[in-house]
Amino acid sequence: MLFFAFFPMYIMLQASLKDNVQFANNLWLPSAPYHWENWAVGWLAVKDFIANTVIVCVFGVGLTLAFAIITAYIFARYKFFGSQILFYMLLAMMMIVDIASLVPLFTLLRDLNLLNTLSALVIMSIAGGQVMCVYVLRNFIEEIPKDLFDAAEIDGAGDVGVVWNVVIPLSGSIISTLAILRFIGSWNDFIMPMIIMRDEKLYTIGVGLMSLNAGYDTQWGPLMAAYCIASVPLILIFVFTMRLFVKGLSSGAVKG
Amino acid sequence: MIDSLIFSMKRRKKCYLLILPTFIVVLLFRYYPAFSGMYYSFFEWDGALVKEWVGLKNYTESLQDVKLLHSFMVVGIFILANLFKLIPSVIVALLIFHLKSERFQYVYRVLFVVPMIIPGIVYMLLWKFFYEPNIGLLNQMLMGLGIVDVSKPLMWLADPKLVIPCIIFMGFPWVGVVSVLIFLAGLQGIPKSVYEAAELDGCGPIKRCLTIEVPLIMAQIRLSLVLMIIGTLKGFEQILIMCNEYGGPDGTANVPGLYMFRMAFMEGRVGYACTLGMLLFIVILALTILSDKFVRVDK
């Protein structure tokens, strides 16, 4: 089973070092000479896509969490007029399937003149992540002892200070889990960038690879190298955060 | 009464201010599209100028739309297939869970997860290449073994008979990272005493798996089931990437989401597309509620 799981990766890696003739002659095994320049060509082809995707992911995830942490903190700590209703209003959005609003969303973005901009993708990422993140974070923040908030306030911290000095350090693990999940989600996002972007320079990685793949006269080596390069960031993130990710996800799953 | 209400609202002014960013984004980009979609679904609209109120016409049309019916049948097949494709994840989770050494458990977990973390699009494009008729892996292999005639390569994704099986087979061996991790979490929650009792009763590994472990992680299985059903119903990027915007040859593998997408962005029938979106939403909602009722496990 492990063999099959790694098989696509293996094919991708070994094919990225071949030219088209080697590729046609021998699909299965690596063969000399190794064309390392394929990776250079592949990198040139995808570097703009990767840059765009990184911008969208970083700003999207950062702002999503910034908004969500503050909102979750307010809901967790304060009762105020309408707080229940407002919170349920957020939760209700869990029931709305995003696909039903795909088309109206497109017309809305068009009316706001946001089509073909990276900021549209960032906004989509923020809007898409709010409900889930606020919900998870609120549950988490509610378990932080209230005394800590009061203590920080006595020391002269405002709400933002409390969030910065108490909430974020104490909920680091759940925040990073959410960040990773959101990051992977944005990296893999395909439909939104496809309907929003017209300009090839602004393509994110998914749409970009698709357009490379659709090109005529495929040079398989560089294409496979491009696939590899597109996978590297996610694999890196994952390897470095594996422990955290598995831990956080399992505890989240048990709760849900 | 009202005075005190206003007073308390004023006292909590900063609360309202601080949750404002979230609510602006959610109201504008989640609530508004959801409701405007409902509104647009009563119009015949090309997305730009021509907009005409048609009442329920879009809905009646969709109920008689043969292509839509077909697409729902296709998605039904995919859901059934995905049901079976959950089994390998359960098995892998069980295998990893029963590894004796903790280090091996960890290593295997990483090993299984790493290949799954290649971006979805790369994975799909790789499979698309496997299915490529002339140079693709599958045909090369079958030709090499003499199963397929070299002069008549199988067309796979371009063959109306083969396209659905091809898409179902994709992703073999069908181990989903998220499902495996969810199941593992469930298994780790089973109390040790249950195992000890089973051992005392002379319960073998297979019986233990069927009578204890699987029933006890039913909650997790149900969760993945619901996630899978929703994901399959609304997903269309797989078909779009593997085939084309028509859902493969003769639209054989057309799914509702893709149909909606095509109506909106290729054929300029935005109103009708919104109607399809609403229908899809209703179906998903109904199925979620149903599956929650029927697959519920008492714990």
# chains A, B, ... in the order shown; residues from 1 in each chain; ligands from 1
>>> closest_atom_pairs(of="chain B", to="chain A", cutoff="7 Å", atoms="only C-alpha atoms", output="Markdown table")
| residue | atom | partner | partner_atom | distance |
| --- | --- | --- | --- | --- |
| B:Met9 | CA | A:Phe81 | CA | 6.3 |
| B:Arg12 | CA | A:Phe80 | CA | 6.5 |
| B:Cys15 | CA | A:Ile74 | CA | 6.2 |
| B:Leu18 | CA | A:Thr71 | CA | 6.6 |
| B:Ile19 | CA | A:Thr71 | CA | 4.8 |
| B:Pro21 | CA | A:Phe67 | CA | 6.4 |
| B:Thr22 | CA | A:Phe67 | CA | 5.7 |
| B:Val25 | CA | A:Ala127 | CA | 5.5 |
| B:Val26 | CA | A:Ala127 | CA | 5.5 |
| B:Phe29 | CA | A:Ala127 | CA | 6.2 |
| B:Arg30 | CA | A:Ala127 | CA | 6.8 |
| B:Pro33 | CA | A:Pro104 | CA | 5.1 |
| B:Ala34 | CA | A:Ser101 | CA | 5.0 |
| B:Ser36 | CA | A:Pro104 | CA | 6.4 |
| B:Gly37 | CA | A:Pro104 | CA | 5.3 |
| B:Phe112 | CA | A:Leu2 | CA | 6.9 |
| B:Val114 | CA | A:Ile235 | CA | 6.8 |
| B:Pro115 | CA | A:Phe6 | CA | 5.8 |
| B:Ile117 | CA | A:Ile235 | CA | 6.3 |
| B:Ile118 | CA | A:Ser231 | CA | 5.2 |
| B:Pro119 | CA | A:Asn188 | CA | 5.7 |
| B:Gly120 | CA | A:Asn188 | CA | 6.0 |
| B:Ile121 | CA | A:Gly206 | CA | 5.9 |
| B:Val122 | CA | A:Tyr227 | CA | 5.9 |
| B:Leu126 | CA | A:Pro8 | CA | 6.9 |
| B:Ile135 | CA | A:Ala24 | CA | 6.7 |
| B:Pro173 | CA | A:Phe4 | CA | 6.5 |
| B:Leu181 | CA | A:Ser250 | CA | 6.6 |
| B:Ile182 | CA | A:Ala253 | CA | 6.0 |
| B:Ala185 | CA | A:Ser250 | CA | 5.1 |
| B:Gly186 | CA | A:Val254 | CA | 6.7 |
| B:Lys234 | CA | A:Ile99 | CA | 6.3 |
| B:Glu237 | CA | A:Ile191 | CA | 6.8 |
| B:Ala264 | CA | A:Val103 | CA | 6.7 |
| B:Cys274 | CA | A:Val103 | CA | 6.5 |
| B:Gly277 | CA | A:Ala100 | CA | 4.1 |
| B:Met278 | CA | A:Ala100 | CA | 5.6 |
| B:Leu280 | CA | A:Ala100 | CA | 6.9 |
| B:Phe281 | CA | A:Ala100 | CA | 5.8 |
>>> residues_around(residues="Met263 of chain B", least_positions_apart="5", cutoff="12 Å", atoms="only C-alpha atoms", output="VMD selection string")
(chain A and resid 103) or (chain B and resid 44 to 47 62 67 to 68 245 to 246 256 to 258 268 to 277)
>>> residues_around(residues="Val61 of chain A", least_positions_apart="5", cutoff="8 Å", atoms="only C-alpha atoms", output="PyMOL selection string")
chain A and resi 125-126+179+182-183
>>> residues_around(residues="Val162 of chain A", least_positions_apart="2", cutoff="12 Å", atoms="only C-alpha atoms", output="short mmCIF file (atom, residue, chain, number, x, y, z; two decimals) with N, CA, C and O atoms, in the first residue's frame")
data_model
loop_
_atom_site.label_atom_id
_atom_site.label_comp_id
_atom_site.auth_asym_id
_atom_site.auth_seq_id
_atom_site.Cartn_x
_atom_site.Cartn_y
_atom_site.Cartn_z
N ILE A 69 -9.41 35.71 15.72
CA ILE A 69 -8.99 35.63 17.12
C ILE A 69 -9.68 36.71 17.94
O ILE A 69 -10.21 36.45 19.02
N ILE A 70 -9.71 37.94 17.39
CA ILE A 70 -10.33 39.02 18.15
C ILE A 70 -11.81 38.75 18.35
O ILE A 70 -12.34 38.86 19.46
N TYR A 73 -12.38 36.01 20.82
CA TYR A 73 -12.08 36.47 22.18
C TYR A 73 -13.25 37.27 22.75
O TYR A 73 -13.68 37.06 23.89
N ILE A 74 -13.80 38.17 21.93
CA ILE A 74 -14.93 38.96 22.39
C ILE A 74 -16.11 38.05 22.75
O ILE A 74 -16.72 38.16 23.82
N ARG A 77 -15.40 36.07 25.97
CA ARG A 77 -15.25 36.75 27.24
C ARG A 77 -16.48 37.56 27.65
O ARG A 77 -16.85 37.59 28.81
N ILE A 141 -10.81 29.48 23.63
CA ILE A 141 -10.52 30.63 24.49
C ILE A 141 -11.39 30.59 25.74
O ILE A 141 -10.98 31.03 26.82
N ILE A 144 -9.74 29.21 28.75
CA ILE A 144 -8.68 29.95 29.46
C ILE A 144 -9.30 30.61 30.70
O ILE A 144 -10.35 31.23 30.59
N LYS A 146 -10.60 33.03 33.34
CA LYS A 146 -10.93 34.45 33.19
C LYS A 146 -9.98 35.34 34.01
O LYS A 146 -9.73 36.48 33.64
N ASP A 147 -9.47 34.78 35.12
CA ASP A 147 -8.59 35.58 35.98
C ASP A 147 -7.40 36.13 35.22
O ASP A 147 -6.91 37.22 35.50
N LEU A 148 -6.93 35.33 34.26
CA LEU A 148 -5.77 35.78 33.49
C LEU A 148 -6.07 37.06 32.73
O LEU A 148 -5.25 37.98 32.68
N PHE A 149 -7.29 37.12 32.17
CA PHE A 149 -7.68 38.34 31.45
C PHE A 149 -7.69 39.53 32.41
O PHE A 149 -7.16 40.60 32.11
N ASP A 150 -8.35 39.29 33.56
CA ASP A 150 -8.46 40.38 34.53
C ASP A 150 -7.09 40.84 34.99
O ASP A 150 -6.82 42.03 35.10
N ALA A 151 -6.20 39.86 35.25
CA ALA A 151 -4.86 40.21 35.70
C ALA A 151 -4.16 41.09 34.68
O ALA A 151 -3.55 42.11 35.01
N ALA A 152 -4.28 40.71 33.41
CA ALA A 152 -3.62 41.49 32.36
C ALA A 152 -4.21 42.88 32.31
O ALA A 152 -3.50 43.87 32.09
N GLU A 153 -5.54 42.97 32.56
CA GLU A 153 -6.18 44.27 32.49
C GLU A 153 -5.71 45.18 33.64
O GLU A 153 -5.50 46.37 33.45
N ILE A 154 -5.55 44.56 34.81
CA ILE A 154 -5.05 45.34 35.94
C ILE A 154 -3.65 45.86 35.65
O ILE A 154 -3.29 46.97 36.01
N ASP A 155 -2.89 45.05 34.91
CA ASP A 155 -1.55 45.51 34.53
C ASP A 155 -1.59 46.55 33.43
O ASP A 155 -0.56 46.95 32.90
N GLY A 156 -2.80 46.95 33.03
CA GLY A 156 -2.91 48.05 32.09
C GLY A 156 -3.05 47.67 30.64
O GLY A 156 -2.87 48.49 29.76
N ALA A 157 -3.38 46.39 30.36
CA ALA A 157 -3.54 45.99 28.97
C ALA A 157 -4.97 46.24 28.53
O ALA A 157 -5.91 46.00 29.28
N GLY A 158 -5.14 46.75 27.32
CA GLY A 158 -6.48 46.87 26.74
C GLY A 158 -6.86 45.53 26.15
O GLY A 158 -6.16 44.53 26.34
N ASP A 159 -8.01 45.50 25.42
CA ASP A 159 -8.44 44.24 24.85
C ASP A 159 -7.41 43.67 23.88
O ASP A 159 -7.13 42.47 23.88
N VAL A 160 -6.86 44.57 23.06
CA VAL A 160 -5.87 44.09 22.09
C VAL A 160 -4.65 43.55 22.83
O VAL A 160 -4.09 42.52 22.47
N TRP A 164 -3.08 39.88 22.67
CA TRP A 164 -1.69 39.71 22.27
C TRP A 164 -0.88 38.97 23.34
O TRP A 164 -0.09 38.09 23.03
N ASN A 165 -1.11 39.34 24.61
CA ASN A 165 -0.24 38.81 25.67
C ASN A 165 -0.79 37.58 26.36
O ASN A 165 -0.04 36.85 26.98
N VAL A 166 -2.09 37.36 26.28
CA VAL A 166 -2.65 36.21 26.99
C VAL A 166 -3.21 35.18 26.02
O VAL A 166 -2.82 34.02 26.02
N VAL A 167 -4.14 35.63 25.16
CA VAL A 167 -4.86 34.67 24.33
C VAL A 167 -3.93 33.98 23.34
O VAL A 167 -3.89 32.75 23.26
N ILE A 168 -3.14 34.76 22.62
CA ILE A 168 -2.32 34.15 21.57
C ILE A 168 -1.27 33.20 22.14
O ILE A 168 -1.16 32.06 21.67
N PRO A 169 -0.53 33.60 23.18
CA PRO A 169 0.44 32.63 23.71
C PRO A 169 -0.22 31.36 24.24
O PRO A 169 0.34 30.27 24.08
N LEU A 170 -1.41 31.48 24.81
CA LEU A 170 -2.03 30.30 25.42
C LEU A 170 -2.73 29.40 24.42
O LEU A 170 -2.99 28.24 24.70
#
>>> select_by_dssp(residues="segment 33-114 of chain B", states="alpha helix (DSSP H)", output="PyMOL selection string")
chain B and resi 33-40+57-63+66-84+87-97+102-114
>>> residues_around(residues="segment 198-202 of chain A", least_positions_apart="3", cutoff="12 Å", atoms="only C-alpha atoms", output="PyMOL selection string")
chain A and resi 45-56+114-121+192-195+205-212
>>> write_last_selection(atoms="N, CA and C atoms", output="tab-separated table (two decimals), in the first residue's frame")
chain	number	residue	atom	x	y	z
A	45	ALA	N	9.01	28.66	-15.06
A	45	ALA	CA	7.61	28.62	-15.47
A	45	ALA	C	6.67	28.87	-14.30
A	46	VAL	N	7.04	28.41	-13.11
A	46	VAL	CA	6.08	28.51	-12.00
A	46	VAL	C	6.41	29.59	-10.98
A	47	LYS	N	7.55	30.28	-11.12
A	47	LYS	CA	7.93	31.14	-10.00
A	47	LYS	C	6.94	32.27	-9.75
A	48	ASP	N	6.36	32.81	-10.83
A	48	ASP	CA	5.35	33.86	-10.62
A	48	ASP	C	4.11	33.31	-9.93
A	49	PHE	N	3.70	32.12	-10.38
A	49	PHE	CA	2.51	31.50	-9.77
A	49	PHE	C	2.76	31.29	-8.28
A	50	ILE	N	3.96	30.79	-7.98
A	50	ILE	CA	4.25	30.51	-6.57
A	50	ILE	C	4.26	31.81	-5.77
A	51	ALA	N	4.88	32.84	-6.33
A	51	ALA	CA	4.91	34.13	-5.62
A	51	ALA	C	3.49	34.61	-5.35
A	52	ASN	N	2.62	34.56	-6.36
A	52	ASN	CA	1.23	34.99	-6.17
A	52	ASN	C	0.55	34.17	-5.08
A	53	THR	N	0.75	32.85	-5.15
A	53	THR	CA	0.09	31.98	-4.19
A	53	THR	C	0.58	32.28	-2.78
A	54	VAL	N	1.90	32.50	-2.65
A	54	VAL	CA	2.43	32.78	-1.32
A	54	VAL	C	1.83	34.08	-0.78
A	55	ILE	N	1.75	35.10	-1.63
A	55	ILE	CA	1.15	36.36	-1.19
A	55	ILE	C	-0.28	36.13	-0.70
A	56	VAL	N	-1.07	35.44	-1.53
A	56	VAL	CA	-2.47	35.20	-1.16
A	56	VAL	C	-2.55	34.40	0.13
A	114	LEU	N	-13.38	43.94	-8.34
A	114	LEU	CA	-12.30	43.20	-7.70
A	114	LEU	C	-11.81	42.03	-8.55
A	115	LEU	N	-12.46	41.82	-9.69
A	115	LEU	CA	-12.03	40.70	-10.52
A	115	LEU	C	-10.61	40.93	-10.97
A	116	ASN	N	-9.91	39.80	-11.16
A	116	ASN	CA	-8.54	39.87	-11.64
A	116	ASN	C	-7.59	40.60	-10.69
A	117	THR	N	-7.86	40.53	-9.39
A	117	THR	CA	-6.92	41.08	-8.43
A	117	THR	C	-6.60	40.03	-7.39
A	118	LEU	N	-5.39	40.10	-6.87
A	118	LEU	CA	-5.03	39.15	-5.81
A	118	LEU	C	-5.79	39.46	-4.53
A	119	SER	N	-6.13	40.76	-4.33
A	119	SER	CA	-6.83	41.09	-3.08
A	119	SER	C	-8.19	40.39	-3.02
A	120	ALA	N	-8.81	40.15	-4.18
A	120	ALA	CA	-10.07	39.42	-4.16
A	120	ALA	C	-9.87	38.04	-3.54
A	121	LEU	N	-8.78	37.40	-3.90
A	121	LEU	CA	-8.52	36.06	-3.34
A	121	LEU	C	-8.27	36.14	-1.85
A	192	MET	N	-11.86	29.26	-7.17
A	192	MET	CA	-11.91	30.71	-6.99
A	192	MET	C	-10.89	31.43	-7.87
A	193	PRO	N	-9.61	31.06	-7.79
A	193	PRO	CA	-8.65	31.73	-8.66
A	193	PRO	C	-9.04	31.60	-10.12
A	194	MET	N	-9.62	30.46	-10.48
A	194	MET	CA	-9.92	30.27	-11.89
A	194	MET	C	-11.00	31.24	-12.35
A	195	ILE	N	-12.02	31.47	-11.53
A	195	ILE	CA	-13.07	32.37	-12.02
A	195	ILE	C	-12.68	33.82	-11.81
A	205	ILE	N	-1.07	28.98	-8.09
A	205	ILE	CA	-0.38	27.77	-8.52
A	205	ILE	C	-1.30	26.77	-9.24
A	206	GLY	N	-2.50	26.60	-8.71
A	206	GLY	CA	-3.41	25.63	-9.31
A	206	GLY	C	-3.75	25.96	-10.75
A	207	VAL	N	-4.24	27.16	-10.96
A	207	VAL	CA	-4.62	27.58	-12.30
A	207	VAL	C	-3.39	27.62	-13.20
A	208	GLY	N	-2.27	28.05	-12.62
A	208	GLY	CA	-1.04	28.15	-13.39
A	208	GLY	C	-0.61	26.79	-13.93
A	209	LEU	N	-0.60	25.79	-13.05
A	209	LEU	CA	-0.19	24.45	-13.50
A	209	LEU	C	-1.14	23.94	-14.57
A	210	MET	N	-2.42	24.21	-14.35
A	210	MET	CA	-3.42	23.77	-15.32
A	210	MET	C	-3.13	24.38	-16.69
A	211	SER	N	-2.77	25.67	-16.70
A	211	SER	CA	-2.52	26.31	-17.99
A	211	SER	C	-1.24	25.76	-18.62
A	212	LEU	N	-0.24	25.44	-17.79
A	212	LEU	CA	0.97	24.83	-18.33
A	212	LEU	C	0.64	23.49	-18.96
>>> closest_atom_pairs(of="segment 153-190 of chain B", to="segment 137-147 of chain B", cutoff="12 Å", atoms="only C-alpha atoms", output="tab-separated table")
residue	atom	partner	partner_atom	distance
B:Pro153	CA	B:Asn139	CA	6.6
B:Leu154	CA	B:Asn139	CA	6.8
B:Met155	CA	B:Asn139	CA	8.8
B:Trp156	CA	B:Asn139	CA	8.9
B:Leu157	CA	B:Leu138	CA	11.7
B:Cys166	CA	B:Leu138	CA	10.8
B:Phe169	CA	B:Leu138	CA	12.0
B:Met170	CA	B:Leu138	CA	11.8
>>> write_last_selection(atoms="N, CA, C and O atoms", output="compact mmCIF listing (two decimals), in the first residue's frame")
# COMPACT_ATOMS: atom_id res chain seq x y z
N PRO B 153 -4.78 1.95 -28.69
CA PRO B 153 -4.69 2.32 -27.27
C PRO B 153 -6.06 2.67 -26.71
O PRO B 153 -6.91 3.22 -27.42
N LEU B 154 -6.27 2.32 -25.45
CA LEU B 154 -7.54 2.69 -24.81
C LEU B 154 -7.55 4.20 -24.58
O LEU B 154 -6.53 4.79 -24.23
N MET B 155 -8.71 4.79 -24.75
CA MET B 155 -8.78 6.25 -24.64
C MET B 155 -9.03 6.74 -23.22
O MET B 155 -9.01 7.92 -22.95
N TRP B 156 -9.29 5.84 -22.30
CA TRP B 156 -9.55 6.18 -20.90
C TRP B 156 -10.50 7.35 -20.73
O TRP B 156 -11.68 7.21 -20.96
N LEU B 157 -9.95 8.52 -20.37
CA LEU B 157 -10.83 9.65 -20.02
C LEU B 157 -11.64 10.15 -21.20
O LEU B 157 -12.62 10.86 -21.04
N CYS B 166 -12.67 5.39 -14.58
CA CYS B 166 -11.35 6.02 -14.45
C CYS B 166 -11.33 7.00 -13.29
O CYS B 166 -10.40 7.01 -12.49
N PHE B 169 -11.45 5.20 -10.02
CA PHE B 169 -10.21 4.49 -9.68
C PHE B 169 -9.11 5.46 -9.23
O PHE B 169 -8.20 5.08 -8.50
N MET B 170 -9.22 6.70 -9.68
CA MET B 170 -8.22 7.72 -9.34
C MET B 170 -7.92 7.74 -7.85
O MET B 170 -8.80 7.56 -7.03
>>> closest_residue(among="B:Met218, B:Lys192, B:Gly202, B:Phe129", to="Cys243 of chain B", atoms="only C-alpha atoms")
B:Phe129
>>> decode(residues="segment 198-208 of chain A", atoms="all heavy atoms", output="compact mmCIF listing (two decimals), in the first residue's frame")
# COMPACT_ATOMS: atom_id res chain seq x y z
N ARG A 198 -8.03 36.66 -14.74
CA ARG A 198 -7.99 36.63 -16.20
C ARG A 198 -6.54 36.69 -16.68
O ARG A 198 -6.17 36.12 -17.68
CB ARG A 198 -8.74 37.83 -16.77
CG ARG A 198 -10.23 37.80 -16.54
CD ARG A 198 -10.92 36.89 -17.55
NE ARG A 198 -12.31 36.70 -17.17
CZ ARG A 198 -12.71 35.81 -16.28
NH1 ARG A 198 -11.84 35.02 -15.70
NH2 ARG A 198 -13.98 35.69 -15.98
N ASP A 199 -5.75 37.44 -15.92
CA ASP A 199 -4.40 37.77 -16.33
C ASP A 199 -3.46 36.65 -15.93
O ASP A 199 -3.36 36.29 -14.76
CB ASP A 199 -4.01 39.07 -15.60
CG ASP A 199 -2.80 39.69 -16.21
OD1 ASP A 199 -2.12 38.99 -17.00
OD2 ASP A 199 -2.53 40.86 -15.91
N GLU A 200 -2.77 36.10 -16.90
CA GLU A 200 -1.92 34.94 -16.62
C GLU A 200 -0.85 35.26 -15.59
O GLU A 200 -0.42 34.39 -14.84
CB GLU A 200 -1.27 34.47 -17.91
CG GLU A 200 -0.82 33.03 -17.84
CD GLU A 200 -0.65 32.43 -19.23
OE1 GLU A 200 -1.58 32.54 -20.05
OE2 GLU A 200 0.41 31.87 -19.48
N LYS A 201 -0.42 36.52 -15.54
CA LYS A 201 0.62 36.90 -14.58
C LYS A 201 0.14 36.76 -13.14
O LYS A 201 0.94 36.64 -12.22
CB LYS A 201 1.03 38.36 -14.81
CG LYS A 201 1.99 38.55 -15.96
CD LYS A 201 2.80 39.83 -15.75
CE LYS A 201 3.55 40.22 -17.00
NZ LYS A 201 2.62 40.67 -18.08
N LEU A 202 -1.17 36.80 -12.95
CA LEU A 202 -1.70 36.78 -11.59
C LEU A 202 -2.19 35.40 -11.17
O LEU A 202 -2.71 35.24 -10.09
CB LEU A 202 -2.85 37.78 -11.46
CG LEU A 202 -2.46 39.25 -11.54
CD1 LEU A 202 -3.67 40.14 -11.55
CD2 LEU A 202 -1.56 39.60 -10.37
N TYR A 203 -2.01 34.42 -12.05
CA TYR A 203 -2.48 33.07 -11.71
C TYR A 203 -1.83 32.58 -10.43
O TYR A 203 -0.68 32.84 -10.16
CB TYR A 203 -2.11 32.09 -12.83
CG TYR A 203 -3.07 32.08 -13.98
CD1 TYR A 203 -2.82 31.30 -15.10
CD2 TYR A 203 -4.22 32.84 -13.97
CE1 TYR A 203 -3.67 31.28 -16.18
CE2 TYR A 203 -5.09 32.82 -15.04
CZ TYR A 203 -4.82 32.04 -16.14
OH TYR A 203 -5.67 32.01 -17.20
N THR A 204 -2.62 31.85 -9.65
CA THR A 204 -2.03 31.15 -8.52
C THR A 204 -1.64 29.75 -9.00
O THR A 204 -1.89 29.39 -10.15
CB THR A 204 -3.00 31.05 -7.34
OG1 THR A 204 -4.19 30.45 -7.82
CG2 THR A 204 -3.29 32.40 -6.77
N ILE A 205 -1.07 28.98 -8.09
CA ILE A 205 -0.38 27.77 -8.52
C ILE A 205 -1.30 26.77 -9.24
O ILE A 205 -0.95 26.21 -10.26
CB ILE A 205 0.37 27.13 -7.33
CG1 ILE A 205 1.41 26.15 -7.82
CG2 ILE A 205 -0.56 26.48 -6.35
CD1 ILE A 205 2.61 26.81 -8.38
N GLY A 206 -2.50 26.60 -8.71
CA GLY A 206 -3.41 25.63 -9.31
C GLY A 206 -3.75 25.96 -10.75
O GLY A 206 -3.54 25.15 -11.67
N VAL A 207 -4.24 27.16 -10.96
CA VAL A 207 -4.62 27.58 -12.30
C VAL A 207 -3.39 27.62 -13.20
O VAL A 207 -3.44 27.26 -14.37
CB VAL A 207 -5.28 28.96 -12.26
CG1 VAL A 207 -6.03 29.22 -13.54
CG2 VAL A 207 -6.21 29.08 -11.09
N GLY A 208 -2.27 28.05 -12.62
CA GLY A 208 -1.04 28.15 -13.39
C GLY A 208 -0.61 26.79 -13.93
O GLY A 208 -0.33 26.65 -15.13
